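Engineer: Quick one: the structure is below, questions incoming.
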Amino acid sequence: MKIAVLKEQAAGENRVAATPETVKKFIALGAEMAVEAGAGVAASFADADYAAAGATVGPRADTLNGAEIILAVVGPDPATIGGAAPGAWLAASLNPFGAGENGGRARVDAYATAGIEALAMEFMPRITRAQSMDILSSQSNLAGYKSVLDAAAEYGRAFPMMMTAAGTVSAARVFVMGVGVAGLQAIATARRLGAQVSATDVRSATREQILSLGAKPIFVENVAGIEGEGAGGYAGEMSPEYQAAQAELVSGHIARQDIVITTALIPGRPAPRLISAEQVASMRPGSVIVDLAVEAGGNVEGSVAGEVVSVNGVKIVGHRNVAGRLAADASALFSRNLFNFLSAFWDKETGKPVLDEEIGDAIRLTKGGAVVNARLLS
């Protein structure tokens, strides 16, 4: 079983899908590892480190030649992965609902035409036994942490309260909207930096999580739609009554905040709009908003993917690929997700992984030259 690890070609992508640590683990399973030269350099993993771990390091064509499994962070252009074995698996973040050059249905169709069995790691079901395989959770953890650092970098004041001989510096007020994995890490990081933190979510179960991290929960009371629980533990859509009540509550709260971090995403759909232009205008000059959903359409009116824009003195931060800006740690976690996934299904007798229906059917997009995933066919 030859496993190929590709160098990422997407603009600004510094992560790598396998580290020397996971290369050693795959070899221990009996796999032959081939790594494209330079694949890990941007994430601080040298070619020599892969070679020392037992991998063959070489050009892309040699790496792909006869490979039965291809590992990548972002789904590669189908035209660049020729030479792999017929029916080779591609395990990566494939973004089938996205648009642009790094995702979308057209790219999925191209994988099918090329005979690739495309496995979308972001479709991993949120079940107990798949937690260690969940790339969304591992990368969102780092994105939540980095979002607070990005806010601190743009914010012109200190986070903690400081009592000095020259006077007292007030603590920054941070409001986190969306308390999933990224939101929880943002709360914890802002608290560690000494900010006064509040948070909100459409799922009532998150109230206790917010309190457990020492933050103040901000929730609409006695309005239908508070549960907001979607499939697989993700947030779902709110009732119109709840949306109106939340908008009123949040408007008053946002106006008093120094920093707002938004993290709300709904799989397969545009990001919900959480902050309007009027709410942005209500914030004081010098305030900062970080929109972690900017690449999915944005939670914030006026946010721009890949840019930091200023609206009446309020900075709206829209960095792309936030987890990827912590490339070494993000790669370490992503690669462990991939190893945990493949090793869990590794059949010692055949020397290759064999997927079960529950996880296989959830993440498999293409097989036998056709698109087979129910989420793409419905």
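Ligands are numbered from 1 in the order shown, residues from 1 within each chain, and chains are lettered A, B, ... in the order they appear in the structure tokens.
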Using only C-alpha atoms, what does the table of range 45-75 of chain A residues within 8 Å of range 91-109 of chain A look like, with each row giving the shortest atom pair and its distance in Å to one decimal, sorted by chain and ascending number, as CSV?

Structural biologist:
residue,atom,partner,partner_atom,distance
A:Ile69,CA,A:Ala91,CA,7.5
A:Ile70,CA,A:Ala91,CA,6.3
A:Leu71,CA,A:Ala91,CA,5.2
A:Ala72,CA,A:Ala92,CA,5.0
A:Val73,CA,A:Ala92,CA,5.1
A:Val74,CA,A:Ser93,CA,5.1
A:Gly75,CA,A:Leu94,CA,4.7

Engineer: Could you turn the residues from that selection into a file that holds C-alpha atoms, as a PDB file, in the first residue's frame?

Structural biologist:
ATOM      1  CA  ILE A  69      -3.977   6.562  -1.147  1.00  0.00           C
ATOM      2  CA  ILE A  70      -3.328  10.283  -1.632  1.00  0.00           C
ATOM      3  CA  LEU A  71      -3.233  12.564   1.401  1.00  0.00           C
ATOM      4  CA  ALA A  72      -3.703  16.316   1.113  1.00  0.00           C
ATOM      5  CA  VAL A  73      -5.018  19.201   3.189  1.00  0.00           C
ATOM      6  CA  VAL A  74      -6.979  20.913   0.411  1.00  0.00           C
ATOM      7  CA  GLY A  75      -8.358  18.793  -2.405  1.00  0.00           C
TER       8      GLY A  75
END

Engineer: Can you tell me which residues surround range 194-197 of chain A at a distance of at most 12 Å, considering only C-alpha atoms, apart from same-chain residues fewer than 3 positions away, and format the answer as an mmCIF file with all heavy atoms, in the first residue's frame?

Structural biologist:
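This went into around-v4.cif:
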data_model
loop_
_atom_site.group_PDB
_atom_site.id
_atom_site.type_symbol
_atom_site.label_atom_id
_atom_site.label_comp_id
_atom_site.auth_asym_id
_atom_site.auth_seq_id
_atom_site.Cartn_x
_atom_site.Cartn_y
_atom_site.Cartn_z
ATOM 1 N N VAL A 148 -8.529 35.242 18.581
ATOM 2 C CA VAL A 148 -8.322 36.176 19.695
ATOM 3 C C VAL A 148 -6.980 36.887 19.548
ATOM 4 O O VAL A 148 -6.869 38.096 19.813
ATOM 5 C CB VAL A 148 -8.410 35.428 21.038
ATOM 6 C CG1 VAL A 148 -8.153 36.379 22.204
ATOM 7 C CG2 VAL A 148 -9.778 34.781 21.197
ATOM 8 N N ALA A 151 -7.437 39.506 16.991
ATOM 9 C CA ALA A 151 -8.156 40.644 17.561
ATOM 10 C C ALA A 151 -7.231 41.498 18.412
ATOM 11 O O ALA A 151 -7.245 42.736 18.337
ATOM 12 C CB ALA A 151 -9.335 40.148 18.396
ATOM 13 N N ALA A 152 -6.396 40.840 19.222
ATOM 14 C CA ALA A 152 -5.472 41.569 20.086
ATOM 15 C C ALA A 152 -4.469 42.376 19.269
ATOM 16 O O ALA A 152 -4.076 43.485 19.648
ATOM 17 C CB ALA A 152 -4.749 40.589 21.009
ATOM 18 N N ARG A 157 -5.454 48.535 22.407
ATOM 19 C CA ARG A 157 -5.360 48.619 23.858
ATOM 20 C C ARG A 157 -4.998 47.253 24.438
ATOM 21 O O ARG A 157 -4.950 46.261 23.728
ATOM 22 C CB ARG A 157 -6.695 49.092 24.441
ATOM 23 C CG ARG A 157 -7.128 50.482 23.975
ATOM 24 C CD ARG A 157 -8.481 50.863 24.551
ATOM 25 N NE ARG A 157 -8.857 52.222 24.215
ATOM 26 C CZ ARG A 157 -9.471 52.587 23.108
ATOM 27 N NH1 ARG A 157 -9.794 51.666 22.205
ATOM 28 N NH2 ARG A 157 -9.784 53.850 22.882
ATOM 29 N N ALA A 158 -4.787 47.214 25.744
ATOM 30 C CA ALA A 158 -4.459 45.959 26.415
ATOM 31 C C ALA A 158 -5.719 45.156 26.695
ATOM 32 O O ALA A 158 -6.819 45.713 26.757
ATOM 33 C CB ALA A 158 -3.728 46.251 27.729
ATOM 34 N N PHE A 159 -5.582 43.848 26.856
ATOM 35 C CA PHE A 159 -6.706 42.979 27.209
ATOM 36 C C PHE A 159 -6.992 42.970 28.713
ATOM 37 O O PHE A 159 -8.141 43.132 29.103
ATOM 38 C CB PHE A 159 -6.432 41.543 26.722
ATOM 39 C CG PHE A 159 -7.099 41.216 25.416
ATOM 40 C CD1 PHE A 159 -6.954 42.048 24.314
ATOM 41 C CD2 PHE A 159 -7.870 40.070 25.270
ATOM 42 C CE1 PHE A 159 -7.565 41.748 23.111
ATOM 43 C CE2 PHE A 159 -8.487 39.759 24.072
ATOM 44 C CZ PHE A 159 -8.337 40.598 22.978
ATOM 45 N N PRO A 160 -6.007 42.751 29.571
ATOM 46 C CA PRO A 160 -6.341 42.633 31.000
ATOM 47 C C PRO A 160 -6.452 43.993 31.679
ATOM 48 O O PRO A 160 -5.936 45.003 31.182
ATOM 49 C CB PRO A 160 -5.146 41.854 31.562
ATOM 50 C CG PRO A 160 -4.002 42.257 30.689
ATOM 51 C CD PRO A 160 -4.576 42.455 29.318
ATOM 52 N N MET A 161 -7.135 44.011 32.815
ATOM 53 C CA MET A 161 -7.136 45.206 33.647
ATOM 54 C C MET A 161 -5.743 45.351 34.257
ATOM 55 O O MET A 161 -5.167 44.380 34.747
ATOM 56 C CB MET A 161 -8.174 45.097 34.763
ATOM 57 C CG MET A 161 -8.253 46.359 35.618
ATOM 58 S SD MET A 161 -9.473 46.243 36.936
ATOM 59 C CE MET A 161 -8.616 45.155 38.070
ATOM 60 N N MET A 162 -5.199 46.565 34.210
ATOM 61 C CA MET A 162 -3.875 46.820 34.776
ATOM 62 C C MET A 162 -3.959 48.004 35.724
ATOM 63 O O MET A 162 -4.435 49.082 35.345
ATOM 64 C CB MET A 162 -2.861 47.112 33.677
ATOM 65 C CG MET A 162 -2.614 45.977 32.705
ATOM 66 S SD MET A 162 -1.365 46.422 31.470
ATOM 67 C CE MET A 162 -1.331 44.933 30.481
ATOM 68 N N VAL A 169 -5.922 50.645 33.763
ATOM 69 C CA VAL A 169 -6.340 50.297 32.409
ATOM 70 C C VAL A 169 -7.488 49.300 32.532
ATOM 71 O O VAL A 169 -7.352 48.269 33.186
ATOM 72 C CB VAL A 169 -5.173 49.669 31.611
ATOM 73 C CG1 VAL A 169 -5.670 49.186 30.250
ATOM 74 C CG2 VAL A 169 -4.038 50.666 31.457
ATOM 75 N N SER A 170 -8.622 49.621 31.929
ATOM 76 C CA SER A 170 -9.784 48.739 32.019
ATOM 77 C C SER A 170 -9.601 47.497 31.161
ATOM 78 O O SER A 170 -8.948 47.531 30.111
ATOM 79 C CB SER A 170 -11.050 49.481 31.570
ATOM 80 O OG SER A 170 -11.295 50.598 32.397
ATOM 81 N N ALA A 171 -10.197 46.396 31.593
ATOM 82 C CA ALA A 171 -10.139 45.156 30.824
ATOM 83 C C ALA A 171 -10.961 45.278 29.546
ATOM 84 O O ALA A 171 -12.009 45.941 29.520
ATOM 85 C CB ALA A 171 -10.659 43.990 31.657
ATOM 86 N N ALA A 172 -10.494 44.636 28.494
ATOM 87 C CA ALA A 172 -11.238 44.615 27.238
ATOM 88 C C ALA A 172 -12.493 43.776 27.401
ATOM 89 O O ALA A 172 -12.513 42.786 28.129
ATOM 90 C CB ALA A 172 -10.365 44.037 26.129
ATOM 91 N N ARG A 173 -13.563 44.170 26.714
ATOM 92 C CA ARG A 173 -14.812 43.415 26.723
ATOM 93 C C ARG A 173 -14.936 42.665 25.402
ATOM 94 O O ARG A 173 -14.982 43.278 24.344
ATOM 95 C CB ARG A 173 -15.990 44.356 26.937
ATOM 96 C CG ARG A 173 -16.094 44.856 28.381
ATOM 97 C CD ARG A 173 -17.068 45.996 28.510
ATOM 98 N NE ARG A 173 -16.548 47.205 27.861
ATOM 99 C CZ ARG A 173 -17.060 48.417 28.011
ATOM 100 N NH1 ARG A 173 -18.115 48.593 28.770
ATOM 101 N NH2 ARG A 173 -16.527 49.452 27.393
ATOM 102 N N VAL A 174 -14.982 41.347 25.510
ATOM 103 C CA VAL A 174 -14.992 40.476 24.336
ATOM 104 C C VAL A 174 -16.309 39.709 24.296
ATOM 105 O O VAL A 174 -16.732 39.125 25.291
ATOM 106 C CB VAL A 174 -13.811 39.475 24.374
ATOM 107 C CG1 VAL A 174 -13.884 38.509 23.195
ATOM 108 C CG2 VAL A 174 -12.482 40.218 24.369
ATOM 109 N N PHE A 175 -16.948 39.697 23.123
ATOM 110 C CA PHE A 175 -18.216 39.010 22.929
ATOM 111 C C PHE A 175 -18.022 37.962 21.837
ATOM 112 O O PHE A 175 -17.635 38.285 20.715
ATOM 113 C CB PHE A 175 -19.293 40.021 22.519
ATOM 114 C CG PHE A 175 -20.661 39.449 22.321
ATOM 115 C CD1 PHE A 175 -21.175 38.465 23.155
ATOM 116 C CD2 PHE A 175 -21.481 39.920 21.289
ATOM 117 C CE1 PHE A 175 -22.454 37.960 22.979
ATOM 118 C CE2 PHE A 175 -22.758 39.434 21.108
ATOM 119 C CZ PHE A 175 -23.252 38.445 21.954
ATOM 120 N N VAL A 176 -18.273 36.694 22.161
ATOM 121 C CA VAL A 176 -18.115 35.593 21.208
ATOM 122 C C VAL A 176 -19.498 35.131 20.761
ATOM 123 O O VAL A 176 -20.333 34.770 21.587
ATOM 124 C CB VAL A 176 -17.341 34.415 21.833
ATOM 125 C CG1 VAL A 176 -17.236 33.258 20.839
ATOM 126 C CG2 VAL A 176 -15.954 34.870 22.280
ATOM 127 N N MET A 177 -19.725 35.133 19.458
ATOM 128 C CA MET A 177 -21.011 34.735 18.899
ATOM 129 C C MET A 177 -20.850 33.390 18.187
ATOM 130 O O MET A 177 -20.165 33.292 17.173
ATOM 131 C CB MET A 177 -21.526 35.802 17.941
ATOM 132 C CG MET A 177 -21.686 37.166 18.593
ATOM 133 S SD MET A 177 -22.393 38.408 17.463
ATOM 134 C CE MET A 177 -24.098 37.833 17.364
ATOM 135 N N GLY A 183 -15.609 28.763 19.023
ATOM 136 C CA GLY A 183 -16.093 29.732 19.995
ATOM 137 C C GLY A 183 -15.638 29.428 21.408
ATOM 138 O O GLY A 183 -15.247 30.331 22.167
ATOM 139 N N LEU A 184 -15.677 28.171 21.795
ATOM 140 C CA LEU A 184 -15.231 27.788 23.136
ATOM 141 C C LEU A 184 -13.749 28.086 23.320
ATOM 142 O O LEU A 184 -13.328 28.585 24.373
ATOM 143 C CB LEU A 184 -15.505 26.308 23.385
ATOM 144 C CG LEU A 184 -16.977 25.935 23.574
ATOM 145 C CD1 LEU A 184 -17.150 24.420 23.543
ATOM 146 C CD2 LEU A 184 -17.523 26.507 24.884
ATOM 147 N N ALA A 186 -12.080 30.372 21.683
ATOM 148 C CA ALA A 186 -11.956 31.828 21.717
ATOM 149 C C ALA A 186 -12.278 32.369 23.109
ATOM 150 O O ALA A 186 -11.589 33.259 23.619
ATOM 151 C CB ALA A 186 -12.873 32.455 20.668
ATOM 152 N N ILE A 187 -13.326 31.835 23.729
ATOM 153 C CA ILE A 187 -13.685 32.259 25.094
ATOM 154 C C ILE A 187 -12.522 31.970 26.042
ATOM 155 O O ILE A 187 -12.099 32.837 26.821
ATOM 156 C CB ILE A 187 -14.946 31.522 25.578
ATOM 157 C CG1 ILE A 187 -16.173 31.972 24.779
ATOM 158 C CG2 ILE A 187 -15.182 31.769 27.074
ATOM 159 C CD1 ILE A 187 -17.409 31.118 25.026
ATOM 160 N N ALA A 188 -12.004 30.750 25.986
ATOM 161 C CA ALA A 188 -10.928 30.354 26.896
ATOM 162 C C ALA A 188 -9.686 31.213 26.691
ATOM 163 O O ALA A 188 -9.035 31.641 27.666
ATOM 164 C CB ALA A 188 -10.594 28.876 26.686
ATOM 165 N N THR A 189 -9.355 31.507 25.443
ATOM 166 C CA THR A 189 -8.155 32.295 25.153
ATOM 167 C C THR A 189 -8.328 33.736 25.613
ATOM 168 O O THR A 189 -7.417 34.328 26.212
ATOM 169 C CB THR A 189 -7.837 32.243 23.650
ATOM 170 O OG1 THR A 189 -7.679 30.884 23.251
ATOM 171 C CG2 THR A 189 -6.574 33.015 23.331
ATOM 172 N N ALA A 190 -9.492 34.323 25.339
ATOM 173 C CA ALA A 190 -9.744 35.701 25.778
ATOM 174 C C ALA A 190 -9.724 35.803 27.296
ATOM 175 O O ALA A 190 -9.227 36.792 27.861
ATOM 176 C CB ALA A 190 -11.081 36.183 25.217
ATOM 177 N N ARG A 191 -10.258 34.801 27.962
ATOM 178 C CA ARG A 191 -10.222 34.775 29.431
ATOM 179 C C ARG A 191 -8.774 34.693 29.932
ATOM 180 O O ARG A 191 -8.404 35.362 30.893
ATOM 181 C CB ARG A 191 -11.029 33.594 29.951
ATOM 182 C CG ARG A 191 -12.529 33.773 29.831
ATOM 183 C CD ARG A 191 -13.070 34.645 30.952
ATOM 184 N NE ARG A 191 -12.867 33.996 32.259
ATOM 185 C CZ ARG A 191 -12.824 34.653 33.418
ATOM 186 N NH1 ARG A 191 -12.936 35.948 33.443
ATOM 187 N NH2 ARG A 191 -12.660 33.986 34.550
ATOM 188 N N THR A 200 -22.771 34.062 23.189
ATOM 189 C CA THR A 200 -24.133 33.653 22.871
ATOM 190 C C THR A 200 -24.117 32.557 21.820
ATOM 191 O O THR A 200 -23.133 32.387 21.092
ATOM 192 C CB THR A 200 -24.966 34.844 22.367
ATOM 193 O OG1 THR A 200 -26.346 34.474 22.319
ATOM 194 C CG2 THR A 200 -24.530 35.292 20.976
ATOM 195 N N ILE A 210 -20.517 27.908 28.486
ATOM 196 C CA ILE A 210 -20.058 29.294 28.610
ATOM 197 C C ILE A 210 -19.723 29.606 30.070
ATOM 198 O O ILE A 210 -18.656 30.166 30.375
ATOM 199 C CB ILE A 210 -21.135 30.261 28.076
ATOM 200 C CG1 ILE A 210 -21.326 30.072 26.569
ATOM 201 C CG2 ILE A 210 -20.774 31.708 28.394
ATOM 202 C CD1 ILE A 210 -22.558 30.764 26.005
ATOM 203 N N LEU A 211 -20.625 29.234 30.960
ATOM 204 C CA LEU A 211 -20.398 29.492 32.380
ATOM 205 C C LEU A 211 -19.174 28.754 32.891
ATOM 206 O O LEU A 211 -18.422 29.281 33.736
ATOM 207 C CB LEU A 211 -21.642 29.082 33.180
ATOM 208 C CG LEU A 211 -22.874 29.977 33.028
ATOM 209 C CD1 LEU A 211 -24.104 29.302 33.639
ATOM 210 C CD2 LEU A 211 -22.629 31.342 33.671
ATOM 211 N N LEU A 213 -16.461 28.212 31.530
ATOM 212 C CA LEU A 213 -15.223 28.882 31.139
ATOM 213 C C LEU A 213 -15.092 30.269 31.755
ATOM 214 O O LEU A 213 -14.145 30.997 31.449
ATOM 215 C CB LEU A 213 -15.152 28.988 29.607
ATOM 216 C CG LEU A 213 -14.975 27.658 28.869
ATOM 217 C CD1 LEU A 213 -15.097 27.857 27.365
ATOM 218 C CD2 LEU A 213 -13.628 27.034 29.206
ATOM 219 N N GLY A 214 -16.042 30.620 32.620
ATOM 220 C CA GLY A 214 -15.957 31.895 33.317
ATOM 221 C C GLY A 214 -16.469 33.074 32.531
ATOM 222 O O GLY A 214 -16.168 34.230 32.860
ATOM 223 N N ALA A 215 -17.256 32.815 31.494
ATOM 224 C CA ALA A 215 -17.826 33.888 30.684
ATOM 225 C C ALA A 215 -19.301 34.072 31.022
ATOM 226 O O ALA A 215 -19.919 33.229 31.674
ATOM 227 C CB ALA A 215 -17.652 33.586 29.202
ATOM 228 N N LYS A 216 -19.863 35.173 30.552
ATOM 229 C CA LYS A 216 -21.269 35.501 30.817
ATOM 230 C C LYS A 216 -22.125 35.093 29.615
ATOM 231 O O LYS A 216 -21.893 35.552 28.501
ATOM 232 C CB LYS A 216 -21.425 36.990 31.075
ATOM 233 C CG LYS A 216 -22.863 37.429 31.339
ATOM 234 C CD LYS A 216 -22.948 38.935 31.540
ATOM 235 C CE LYS A 216 -24.405 39.379 31.783
ATOM 236 N NZ LYS A 216 -24.496 40.857 31.950
ATOM 237 N N PRO A 217 -23.126 34.227 29.819
ATOM 238 C CA PRO A 217 -24.003 33.857 28.700
ATOM 239 C C PRO A 217 -25.012 34.962 28.385
ATOM 240 O O PRO A 217 -25.589 35.559 29.300
ATOM 241 C CB PRO A 217 -24.696 32.584 29.198
ATOM 242 C CG PRO A 217 -24.644 32.662 30.685
ATOM 243 C CD PRO A 217 -23.427 33.455 31.042
ATOM 244 N N ILE A 218 -25.198 35.226 27.115
ATOM 245 C CA ILE A 218 -26.171 36.224 26.648
ATOM 246 C C ILE A 218 -27.196 35.481 25.802
ATOM 247 O O ILE A 218 -26.910 35.066 24.673
ATOM 248 C CB ILE A 218 -25.489 37.333 25.817
ATOM 249 C CG1 ILE A 218 -24.359 37.988 26.603
ATOM 250 C CG2 ILE A 218 -26.527 38.363 25.355
ATOM 251 C CD1 ILE A 218 -24.815 38.730 27.847
ATOM 252 N N HIS A 253 -26.075 44.795 23.213
ATOM 253 C CA HIS A 253 -24.851 44.262 23.824
ATOM 254 C C HIS A 253 -23.615 44.609 22.999
ATOM 255 O O HIS A 253 -22.584 45.003 23.556
ATOM 256 C CB HIS A 253 -24.990 42.741 23.961
ATOM 257 C CG HIS A 253 -23.924 42.119 24.797
ATOM 258 N ND1 HIS A 253 -23.814 42.334 26.153
ATOM 259 C CD2 HIS A 253 -22.892 41.282 24.477
ATOM 260 C CE1 HIS A 253 -22.778 41.662 26.632
ATOM 261 N NE2 HIS A 253 -22.208 41.017 25.632
ATOM 262 N N ARG A 256 -21.676 47.902 23.372
ATOM 263 C CA ARG A 256 -20.827 48.115 24.555
ATOM 264 C C ARG A 256 -19.548 47.279 24.518
ATOM 265 O O ARG A 256 -18.778 47.278 25.483
ATOM 266 C CB ARG A 256 -21.611 47.781 25.829
ATOM 267 C CG ARG A 256 -22.884 48.600 25.999
ATOM 268 C CD ARG A 256 -23.494 48.393 27.376
ATOM 269 N NE ARG A 256 -23.905 47.000 27.587
ATOM 270 C CZ ARG A 256 -25.085 46.503 27.244
ATOM 271 N NH1 ARG A 256 -25.975 47.289 26.636
ATOM 272 N NH2 ARG A 256 -25.398 45.240 27.488
ATOM 273 N N GLN A 257 -19.314 46.556 23.431
ATOM 274 C CA GLN A 257 -18.166 45.658 23.369
ATOM 275 C C GLN A 257 -16.966 46.307 22.677
ATOM 276 O O GLN A 257 -17.105 47.174 21.819
ATOM 277 C CB GLN A 257 -18.544 44.380 22.622
ATOM 278 C CG GLN A 257 -19.707 43.623 23.233
ATOM 279 C CD GLN A 257 -19.496 43.315 24.696
ATOM 280 O OE1 GLN A 257 -18.536 42.641 25.073
ATOM 281 N NE2 GLN A 257 -20.388 43.817 25.547
ATOM 282 N N ASP A 258 -15.787 45.842 23.076
ATOM 283 C CA ASP A 258 -14.553 46.275 22.417
ATOM 284 C C ASP A 258 -14.187 45.330 21.278
ATOM 285 O O ASP A 258 -13.648 45.762 20.264
ATOM 286 C CB ASP A 258 -13.397 46.299 23.430
ATOM 287 C CG ASP A 258 -13.659 47.241 24.589
ATOM 288 O OD1 ASP A 258 -13.974 48.418 24.332
ATOM 289 O OD2 ASP A 258 -13.576 46.796 25.755
ATOM 290 N N ILE A 259 -14.458 44.047 21.466
ATOM 291 C CA ILE A 259 -14.096 43.030 20.479
ATOM 292 C C ILE A 259 -15.248 42.049 20.332
ATOM 293 O O ILE A 259 -15.809 41.604 21.331
ATOM 294 C CB ILE A 259 -12.814 42.277 20.894
ATOM 295 C CG1 ILE A 259 -11.602 43.218 20.835
ATOM 296 C CG2 ILE A 259 -12.572 41.048 20.022
ATOM 297 C CD1 ILE A 259 -10.388 42.694 21.546
ATOM 298 N N VAL A 260 -15.592 41.718 19.107
ATOM 299 C CA VAL A 260 -16.602 40.699 18.824
ATOM 300 C C VAL A 260 -15.978 39.658 17.909
ATOM 301 O O VAL A 260 -15.318 40.004 16.923
ATOM 302 C CB VAL A 260 -17.863 41.301 18.161
ATOM 303 C CG1 VAL A 260 -18.882 40.208 17.876
ATOM 304 C CG2 VAL A 260 -18.475 42.388 19.044
ATOM 305 N N ILE A 261 -16.179 38.384 18.225
ATOM 306 C CA ILE A 261 -15.676 37.291 17.402
ATOM 307 C C ILE A 261 -16.863 36.437 16.988
ATOM 308 O O ILE A 261 -17.615 35.956 17.835
ATOM 309 C CB ILE A 261 -14.645 36.441 18.174
ATOM 310 C CG1 ILE A 261 -13.424 37.301 18.515
ATOM 311 C CG2 ILE A 261 -14.235 35.210 17.364
ATOM 312 C CD1 ILE A 261 -12.440 36.636 19.451
#

Engineer: Among range 210-368 of chain A, which residues does DSSP mark as strand (DSSP E) when it is run on the backbone? Keep the chain and numbering as in the structure and answer as a short mmCIF file (atom, residue, chain, number, x, y, z; two decimals) with N, CA, C and O atoms, in the first residue's frame.

Structural biologist:
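So the final result, stored in states-v6.cif, reads:
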data_model
loop_
_atom_site.label_atom_id
_atom_site.label_comp_id
_atom_site.auth_asym_id
_atom_site.auth_seq_id
_atom_site.Cartn_x
_atom_site.Cartn_y
_atom_site.Cartn_z
N LYS A 216 -19.86 35.17 30.55
CA LYS A 216 -21.27 35.50 30.82
C LYS A 216 -22.12 35.09 29.62
O LYS A 216 -21.89 35.55 28.50
N PRO A 217 -23.13 34.23 29.82
CA PRO A 217 -24.00 33.86 28.70
C PRO A 217 -25.01 34.96 28.39
O PRO A 217 -25.59 35.56 29.30
N ILE A 259 -14.46 44.05 21.47
CA ILE A 259 -14.10 43.03 20.48
C ILE A 259 -15.25 42.05 20.33
O ILE A 259 -15.81 41.60 21.33
N VAL A 260 -15.59 41.72 19.11
CA VAL A 260 -16.60 40.70 18.82
C VAL A 260 -15.98 39.66 17.91
O VAL A 260 -15.32 40.00 16.92
N ILE A 261 -16.18 38.38 18.22
CA ILE A 261 -15.68 37.29 17.40
C ILE A 261 -16.86 36.44 16.99
O ILE A 261 -17.61 35.96 17.84
N THR A 262 -17.05 36.28 15.69
CA THR A 262 -18.18 35.49 15.19
C THR A 262 -17.67 34.19 14.58
O THR A 262 -16.68 34.18 13.84
N VAL A 288 -12.94 46.05 17.43
CA VAL A 288 -12.51 45.06 16.45
C VAL A 288 -13.55 43.96 16.35
O VAL A 288 -14.08 43.50 17.36
N ILE A 289 -13.85 43.54 15.13
CA ILE A 289 -14.70 42.37 14.88
C ILE A 289 -13.88 41.37 14.07
O ILE A 289 -13.27 41.73 13.06
N VAL A 290 -13.84 40.11 14.51
CA VAL A 290 -13.17 39.04 13.76
C VAL A 290 -14.25 38.10 13.24
O VAL A 290 -14.99 37.50 14.02
N ASP A 291 -14.31 37.96 11.92
CA ASP A 291 -15.32 37.12 11.27
C ASP A 291 -14.66 35.82 10.82
O ASP A 291 -14.04 35.75 9.76
N VAL A 308 -8.48 43.13 6.14
CA VAL A 308 -8.91 43.83 7.35
C VAL A 308 -9.42 45.19 6.89
O VAL A 308 -8.67 46.01 6.37
N VAL A 309 -10.72 45.40 7.04
CA VAL A 309 -11.32 46.65 6.57
C VAL A 309 -11.72 47.50 7.78
O VAL A 309 -11.99 46.98 8.86
N SER A 310 -11.76 48.79 7.59
CA SER A 310 -12.15 49.72 8.65
C SER A 310 -13.44 50.42 8.25
O SER A 310 -13.53 50.99 7.16
N VAL A 311 -14.44 50.32 9.13
CA VAL A 311 -15.73 50.97 8.89
C VAL A 311 -16.00 51.93 10.04
O VAL A 311 -16.26 51.52 11.16
N VAL A 314 -14.10 51.10 13.08
CA VAL A 314 -14.22 49.73 13.58
C VAL A 314 -13.53 48.80 12.58
O VAL A 314 -13.86 48.80 11.39
N LYS A 315 -12.56 48.03 13.06
CA LYS A 315 -11.84 47.11 12.19
C LYS A 315 -12.60 45.78 12.09
O LYS A 315 -12.95 45.20 13.11
N ILE A 316 -12.81 45.32 10.86
CA ILE A 316 -13.44 44.01 10.62
C ILE A 316 -12.39 43.11 10.00
O ILE A 316 -11.93 43.35 8.89
N VAL A 317 -12.00 42.09 10.74
CA VAL A 317 -10.91 41.20 10.34
C VAL A 317 -11.49 39.99 9.62
O VAL A 317 -12.33 39.27 10.16
N TRP A 346 -7.65 -0.15 9.25
CA TRP A 346 -6.58 -0.89 8.59
C TRP A 346 -6.76 -2.39 8.79
O TRP A 346 -6.88 -2.87 9.91
N ASP A 347 -6.80 -3.12 7.69
CA ASP A 347 -6.93 -4.57 7.72
C ASP A 347 -5.54 -5.19 7.58
O ASP A 347 -4.89 -5.04 6.55
N LYS A 352 -4.35 -2.94 3.92
CA LYS A 352 -4.97 -1.69 3.48
C LYS A 352 -6.21 -1.42 4.32
O LYS A 352 -6.75 -2.33 4.97
N PRO A 353 -6.69 -0.17 4.35
CA PRO A 353 -7.90 0.13 5.11
C PRO A 353 -9.16 -0.29 4.37
O PRO A 353 -9.22 -0.25 3.14
N THR A 366 -17.11 10.13 -4.23
CA THR A 366 -17.08 9.51 -5.55
C THR A 366 -16.56 8.08 -5.46
O THR A 366 -15.75 7.76 -4.59
N LYS A 367 -17.02 7.24 -6.38
CA LYS A 367 -16.52 5.88 -6.47
C LYS A 367 -16.94 5.29 -7.80
O LYS A 367 -18.07 5.53 -8.27
#

Engineer: Among the residues of range 158-209 of chain A, find those DSSP assigns to helix (DSSP H, G or I) from the backbone and print them as a ChimeraX atom specification.

Structural biologist: /A:181-192,206-209

Engineer: Considering only C-alpha atoms, can you say which of A:Ala130, A:Val294, A:Ala28, A:Met124 comes closest to Ile363 in chain A?

Structural biologist: A:Met124

Engineer: Any idea what's packed within 8 Å of Ile135 in chain A, counting only C-alpha atoms, ignoring anything in its chain fewer than 2 positions away? Could you give it as a ChimeraX atom specification?

Structural biologist: /A:121-122,133,137-139,333-334,337

Engineer: Would you mind listing what lies within 10 Å of Leu274 in chain A as a PyMOL selection string, with only C-alpha atoms counted and same-chain residues fewer than 2 positions away left out?

Structural biologist: chain A and resi 177-178+243+246-247+250+262-264+271-272+276+279+291+298-301

Engineer: What gap, in Å, lies between CA of Ala37 in chain A and CA of Thr19 in chain A?

Structural biologist: 12.9 Å

Engineer: What is the distance between CA of Val179 in chain A and CA of Leu136 in chain A, in Å to one decimal?

Structural biologist: 14.2 Å

Engineer: Which neighbours of range 39-41 of chain A fall inside 12 Å, counting only C-alpha atoms, when residues of the same chain fewer than 4 positions from it are skipped, and could you give them as number ranges by chain?

Structural biologist: A: 4-9, 13-20, 23, 34-35, 45-51, 57-60, 63, 71-73, 327-328, 330-332, 335
